[in-house]
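Participant: Please find start.pdb (PDB, C-alpha atoms) on the next line:
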ATOM      1  CA  PHE B  22      -5.935  -0.465  15.056  1.00  0.00           C
ATOM      2  CA  LYS B  23      -4.614  -3.701  16.497  1.00  0.00           C
ATOM      3  CA  SER B  24      -0.877  -4.276  16.174  1.00  0.00           C
ATOM      4  CA  ARG B  25       0.354  -7.536  14.700  1.00  0.00           C
ATOM      5  CA  VAL B  26       3.719  -7.362  16.450  1.00  0.00           C
ATOM      6  CA  PRO B  27       4.627  -6.079  19.919  1.00  0.00           C
ATOM      7  CA  LEU B  28       4.973  -2.300  20.075  1.00  0.00           C
ATOM      8  CA  LEU B  29       7.358  -2.636  23.004  1.00  0.00           C
ATOM      9  CA  ASP B  30      10.107  -5.129  23.735  1.00  0.00           C
ATOM     10  CA  PRO B  31       8.768  -7.864  26.056  1.00  0.00           C
ATOM     11  CA  ALA B  32      11.866  -7.560  28.270  1.00  0.00           C
ATOM     12  CA  ASP B  33      11.186  -3.820  28.639  1.00  0.00           C
ATOM     13  CA  CYS B  34       7.568  -4.575  29.528  1.00  0.00           C
ATOM     14  CA  ALA B  35       8.648  -7.020  32.248  1.00  0.00           C
ATOM     15  CA  TRP B  36      11.079  -4.396  33.599  1.00  0.00           C
ATOM     16  CA  VAL B  37       8.328  -1.738  33.656  1.00  0.00           C
ATOM     17  CA  ILE B  38       6.007  -4.095  35.539  1.00  0.00           C
ATOM     18  CA  ASP B  39       8.774  -4.788  38.082  1.00  0.00           C
ATOM     19  CA  GLN B  40       9.481  -1.071  38.553  1.00  0.00           C
ATOM     20  CA  VAL B  41       5.799  -0.177  38.945  1.00  0.00           C
ATOM     21  CA  GLU B  42       5.164  -3.001  41.409  1.00  0.00           C
ATOM     22  CA  ALA B  43       8.219  -1.907  43.430  1.00  0.00           C
ATOM     23  CA  GLN B  44       6.859   1.652  43.547  1.00  0.00           C
ATOM     24  CA  ALA B  45       3.403   0.376  44.512  1.00  0.00           C
ATOM     25  CA  ALA B  46       4.967  -1.601  47.371  1.00  0.00           C
ATOM     26  CA  LYS B  47       6.309   1.717  48.717  1.00  0.00           C
ATOM     27  CA  THR B  48       3.419   4.090  48.004  1.00  0.00           C
ATOM     28  CA  GLY B  49       0.423   1.905  47.153  1.00  0.00           C
ATOM     29  CA  TRP B  50      -1.706   1.837  44.027  1.00  0.00           C
ATOM     30  CA  THR B  51      -4.083   4.679  43.196  1.00  0.00           C
ATOM     31  CA  ARG B  52      -7.750   3.765  42.878  1.00  0.00           C
ATOM     32  CA  ASP B  53      -9.588   7.046  42.555  1.00  0.00           C
ATOM     33  CA  ARG B  54      -7.861   9.152  39.904  1.00  0.00           C
ATOM     34  CA  HIS B  55     -10.510   8.630  37.238  1.00  0.00           C
ATOM     35  CA  VAL B  56     -14.105   9.527  38.054  1.00  0.00           C
ATOM     36  CA  GLN B  57     -15.817   7.816  35.101  1.00  0.00           C
ATOM     37  CA  ALA B  58     -13.800   4.609  35.167  1.00  0.00           C
ATOM     38  CA  PRO B  59     -11.552   4.237  38.216  1.00  0.00           C
ATOM     39  CA  THR B  60      -8.774   1.675  37.908  1.00  0.00           C
ATOM     40  CA  THR B  61      -6.084   0.283  40.177  1.00  0.00           C
ATOM     41  CA  ASP B  62      -3.159   2.087  38.619  1.00  0.00           C
ATOM     42  CA  MET B  63       0.140   3.887  38.993  1.00  0.00           C
ATOM     43  CA  PRO B  64       0.817   7.137  37.132  1.00  0.00           C
ATOM     44  CA  VAL B  65       4.005   6.918  35.058  1.00  0.00           C
ATOM     45  CA  SER B  66       5.020  10.251  36.607  1.00  0.00           C
ATOM     46  CA  ALA B  67       5.061   8.574  40.052  1.00  0.00           C
ATOM     47  CA  VAL B  68       7.690   5.996  39.013  1.00  0.00           C
ATOM     48  CA  PRO B  69      11.009   7.823  38.512  1.00  0.00           C
ATOM     49  CA  ALA B  70      12.739   4.678  37.234  1.00  0.00           C
ATOM     50  CA  ILE B  71      10.550   4.436  34.108  1.00  0.00           C
ATOM     51  CA  ARG B  72      10.205   8.094  33.110  1.00  0.00           C
ATOM     52  CA  ASP B  73      13.185   8.244  30.721  1.00  0.00           C
ATOM     53  CA  TRP B  74      12.263   4.882  29.214  1.00  0.00           C
ATOM     54  CA  PHE B  75       8.681   6.072  28.682  1.00  0.00           C
ATOM     55  CA  ASP B  76       9.778   9.344  27.055  1.00  0.00           C
ATOM     56  CA  ASP B  77      12.057   7.400  24.702  1.00  0.00           C
ATOM     57  CA  ALA B  78       9.300   4.902  23.845  1.00  0.00           C
ATOM     58  CA  LEU B  79       6.949   7.793  23.064  1.00  0.00           C
ATOM     59  CA  SER B  80       9.326   9.657  20.783  1.00  0.00           C
ATOM     60  CA  SER B  81      10.897   6.679  19.021  1.00  0.00           C
ATOM     61  CA  ARG B  82       7.964   4.245  18.663  1.00  0.00           C
ATOM     62  CA  LEU B  83       4.561   5.208  20.024  1.00  0.00           C
ATOM     63  CA  PHE B  84       4.098   8.754  18.705  1.00  0.00           C
ATOM     64  CA  PRO B  85       5.398   7.815  15.213  1.00  0.00           C
ATOM     65  CA  MET B  86       3.005   4.837  15.193  1.00  0.00           C
ATOM     66  CA  VAL B  87       0.017   7.049  16.104  1.00  0.00           C
ATOM     67  CA  GLN B  88       0.999   9.645  13.494  1.00  0.00           C
ATOM     68  CA  SER B  89       1.311   6.951  10.803  1.00  0.00           C
ATOM     69  CA  ARG B  90      -2.275   5.848  11.511  1.00  0.00           C
ATOM     70  CA  PHE B  91      -3.707   9.391  11.569  1.00  0.00           C
ATOM     71  CA  PRO B  92      -1.620  11.457   9.118  1.00  0.00           C
ATOM     72  CA  PHE B  93      -4.670  13.603   8.304  1.00  0.00           C
ATOM     73  CA  ALA B  94      -4.788  14.781  11.940  1.00  0.00           C
ATOM     74  CA  ILE B  95      -1.115  14.756  12.955  1.00  0.00           C
ATOM     75  CA  ASN B  96       1.499  16.411  10.759  1.00  0.00           C
ATOM     76  CA  ASP B  97       4.481  15.435  12.874  1.00  0.00           C
ATOM     77  CA  PRO B  98       4.816  13.028  15.832  1.00  0.00           C
ATOM     78  CA  SER B  99       6.568  15.764  17.828  1.00  0.00           C
ATOM     79  CA  GLU B 100       3.218  17.621  17.953  1.00  0.00           C
ATOM     80  CA  LEU B 101       1.780  14.961  20.288  1.00  0.00           C
ATOM     81  CA  ARG B 102       1.670  15.270  24.063  1.00  0.00           C
ATOM     82  CA  VAL B 103       0.588  12.947  26.864  1.00  0.00           C
ATOM     83  CA  LEU B 104      -2.231  14.085  29.128  1.00  0.00           C
ATOM     84  CA  ASP B 105      -2.377  11.048  31.389  1.00  0.00           C
ATOM     85  CA  ALA B 106      -0.133   7.978  31.311  1.00  0.00           C
ATOM     86  CA  PHE B 107      -0.561   5.191  33.805  1.00  0.00           C
ATOM     87  CA  VAL B 108       0.045   1.496  34.305  1.00  0.00           C
ATOM     88  CA  VAL B 109      -3.078  -0.416  35.308  1.00  0.00           C
ATOM     89  CA  ARG B 110      -3.126  -3.573  37.382  1.00  0.00           C
ATOM     90  CA  TYR B 111      -6.166  -5.617  36.517  1.00  0.00           C
ATOM     91  CA  ASP B 112      -7.394  -8.419  38.738  1.00  0.00           C
ATOM     92  CA  ALA B 113     -10.678 -10.041  37.738  1.00  0.00           C
ATOM     93  CA  ARG B 114     -11.476 -10.747  41.396  1.00  0.00           C
ATOM     94  CA  GLU B 115     -11.299  -7.011  42.170  1.00  0.00           C
ATOM     95  CA  GLN B 116     -12.441  -5.436  38.908  1.00  0.00           C
ATOM     96  CA  ALA B 117     -13.692  -7.591  36.045  1.00  0.00           C
ATOM     97  CA  SER B 118     -14.447  -4.671  33.719  1.00  0.00           C
ATOM     98  CA  LEU B 119     -14.773  -0.922  33.410  1.00  0.00           C
ATOM     99  CA  PRO B 120     -18.025   0.901  32.790  1.00  0.00           C
ATOM    100  CA  THR B 121     -18.557   2.336  29.328  1.00  0.00           C
ATOM    101  CA  HIS B 122     -16.836   5.697  29.349  1.00  0.00           C
ATOM    102  CA  GLN B 123     -15.229   8.314  27.140  1.00  0.00           C
ATOM    103  CA  ASP B 124     -11.571   9.131  27.638  1.00  0.00           C
ATOM    104  CA  GLU B 125     -10.638  12.792  27.902  1.00  0.00           C
ATOM    105  CA  ASN B 126      -8.162  12.737  25.006  1.00  0.00           C
ATOM    106  CA  THR B 127      -8.351  13.051  21.260  1.00  0.00           C
ATOM    107  CA  PHE B 128      -6.265   9.878  20.967  1.00  0.00           C
ATOM    108  CA  SER B 129      -6.184   7.146  23.548  1.00  0.00           C
ATOM    109  CA  PHE B 130      -4.551   3.768  23.457  1.00  0.00           C
ATOM    110  CA  THR B 131      -3.899   0.730  25.584  1.00  0.00           C
ATOM    111  CA  ILE B 132      -0.780  -1.414  25.418  1.00  0.00           C
ATOM    112  CA  ALA B 133      -0.698  -4.768  27.173  1.00  0.00           C
ATOM    113  CA  LEU B 134       2.555  -5.134  29.099  1.00  0.00           C
ATOM    114  CA  ASN B 135       1.917  -8.784  29.903  1.00  0.00           C
ATOM    115  CA  ASP B 136       2.142 -11.524  27.296  1.00  0.00           C
ATOM    116  CA  ARG B 137      -1.292 -12.676  26.123  1.00  0.00           C
ATOM    117  CA  SER B 138      -0.568 -16.134  27.577  1.00  0.00           C
ATOM    118  CA  GLU B 139      -0.442 -14.639  31.097  1.00  0.00           C
ATOM    119  CA  TYR B 140      -4.112 -13.655  31.341  1.00  0.00           C
ATOM    120  CA  GLU B 141      -7.618 -14.310  30.053  1.00  0.00           C
ATOM    121  CA  GLY B 142     -10.041 -11.711  28.767  1.00  0.00           C
ATOM    122  CA  GLY B 143      -8.989  -8.123  28.463  1.00  0.00           C
ATOM    123  CA  GLY B 144      -9.310  -5.875  25.464  1.00  0.00           C
ATOM    124  CA  THR B 145     -11.023  -2.661  24.553  1.00  0.00           C
ATOM    125  CA  ALA B 146     -14.537  -2.275  23.241  1.00  0.00           C
ATOM    126  CA  PHE B 147     -15.935   0.739  21.453  1.00  0.00           C
ATOM    127  CA  GLU B 148     -19.561   1.411  22.216  1.00  0.00           C
ATOM    128  CA  ARG B 149     -20.616   1.788  18.583  1.00  0.00           C
ATOM    129  CA  LEU B 150     -18.323  -0.940  17.277  1.00  0.00           C
ATOM    130  CA  ARG B 151     -17.618  -4.519  18.206  1.00  0.00           C
ATOM    131  CA  PRO B 152     -14.702  -5.292  20.588  1.00  0.00           C
ATOM    132  CA  VAL B 153     -11.290  -5.530  18.956  1.00  0.00           C
ATOM    133  CA  GLY B 154     -10.599  -9.100  17.890  1.00  0.00           C
ATOM    134  CA  SER B 155     -14.136 -10.403  18.377  1.00  0.00           C
ATOM    135  CA  PRO B 156     -16.438 -11.676  15.637  1.00  0.00           C
ATOM    136  CA  PRO B 157     -19.178  -9.428  14.270  1.00  0.00           C
ATOM    137  CA  ARG B 158     -22.479  -9.454  16.131  1.00  0.00           C
ATOM    138  CA  THR B 159     -25.259 -11.357  14.414  1.00  0.00           C
TER     139      THR B 159
END
Before anything else, please render the file you have as structure tokens.
Facilitator:
Amino acid sequence: FKSRVPLLDPADCAWVIDQVEAQAAKTGWTRDRHVQAPTTDMPVSAVPAIRDWFDDALSSRLFPMVQSRFPFAINDPSELRVLDAFVVRYDAREQASLPTHQDENTFSFTIALNDRSEYEGGGTAFERLRPVGSPPRT
């Protein structure tokens, strides 16, 4: 599934980035939380300023969106829980890509907080499928 409109308000996304970068300035970024595919990231739980916003975004937008795409697996959005939520800082000079890996969740999704005009590349590829948004392989 690739959304056609932003799932989150761009002003909220900019605020989240600011809050996470402020927290990282105090405590540093984590780089070793994920064994299979380590990223430079900040757990949402480590940024008190965004916790309430995140919980609201989950219950009002994100969980209902996931449930609408998988009604055969999810009866009600309130049944969903988050195992691991984090904001990743990608820098092509430090980490151009992640190794192929399998997330530890039944459902996993990525939401770009930056506007597409602010970076090049990015995206998610599924090993047995083509990358989202790319043409079919010939």
Participant: Apply the PyMOL selection byres ((chain B and resi 68) around 12) to the file shown and report the selected residues as number ranges by chain.
Facilitator: B: 37-50, 62-67, 69-75, 106-108
Participant: Write out as JSON an axis-aligned box for range 44-59 of chain B: all of its atoms listed in the file, 6 Å added on each side, centre and edge lengths in Å with one decimal.
Facilitator:
{"center_x": -4.5, "center_y": 4.0, "center_z": 41.9, "size_x": 34.7, "size_y": 23.1, "size_z": 25.6}
Participant: Applied to the shown file, which residues does the PyMOL selection byres ((chain B and resi 131) around 9) return, written as a list in words?
Facilitator: Ser129, Phe130, Ile132, Ala133, Gly144 and Thr145 of chain B
Participant: Keeping C-alpha atoms, export the residues of the selection given above as an mmCIF file, in the coordinates of the input.
Facilitator:
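What ended up in again.cif:
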data_model
loop_
_atom_site.group_PDB
_atom_site.id
_atom_site.type_symbol
_atom_site.label_atom_id
_atom_site.label_comp_id
_atom_site.auth_asym_id
_atom_site.auth_seq_id
_atom_site.Cartn_x
_atom_site.Cartn_y
_atom_site.Cartn_z
ATOM 1 C CA SER B 129 -6.184 7.146 23.548
ATOM 2 C CA PHE B 130 -4.551 3.768 23.457
ATOM 3 C CA ILE B 132 -0.780 -1.414 25.418
ATOM 4 C CA ALA B 133 -0.698 -4.768 27.173
ATOM 5 C CA GLY B 144 -9.310 -5.875 25.464
ATOM 6 C CA THR B 145 -11.023 -2.661 24.553
#
Participant: Could you tell me which residues the PyMOL selection byres ((chain B and resi 99) around 12) grabs in this file, written as a PyMOL selection string?
Facilitator: chain B and resi 76+79-88+95-98+100-103
Participant: Between CA of His122 in chain B and CA of Ala78 in chain B, what is the spacing in Å?
Facilitator: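 Interatomic distance, CA of Ala78 in chain B to CA of His122 in chain B: 26.7 Å.
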Participant: When you look at Ala117 in chain B with a cut-off of 12 Å (counting all atoms listed in the file), what residues show up, excluding the ones that are within fewer than 6 positions of it in the same chain? I need them as JSON, numbers by chain.
Facilitator: {"B": [60, 61, 110, 111, 141, 142, 143, 144]}
Participant: For each of B:Pro27, B:Asp112, B:Ala58, B:Leu104, take the minimum atom-to-atom distance to Asn126 in chain B, counting all atoms listed in the file, then give the residue where this is smallest.
Facilitator: B:Leu104
Participant: From the list B:Leu134, B:Thr127, B:Arg149, B:Glu139, which residue is nearest Asp30 in chain B when using only C-alpha atoms?
Facilitator: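 That would be B:Leu134, the residue with the smallest distance to Asp30 in chain B.
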Participant: My list of candidates is B:Gln123, B:Pro92, B:Asp136, B:Thr51. Which is closest to Val109 in chain B when distances are computed with only C-alpha atoms?
Facilitator: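 Among the listed residues, B:Thr51 lies closest to Val109 in chain B.
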Participant: For the atom pair CA of Arg114 in chain B and CA of Pro31 in chain B, what is the interatomic distance in Å to one decimal place?
Facilitator: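 Atom-to-atom, CA of Arg114 in chain B and CA of Pro31 in chain B are spaced 25.6 Å apart.
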Participant: Take CA of Ala32 in chain B and CA of Arg90 in chain B and report the distance between them in Å, one decimal.
Facilitator: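 Separating CA of Ala32 in chain B from CA of Arg90 in chain B is a distance of 25.7 Å.
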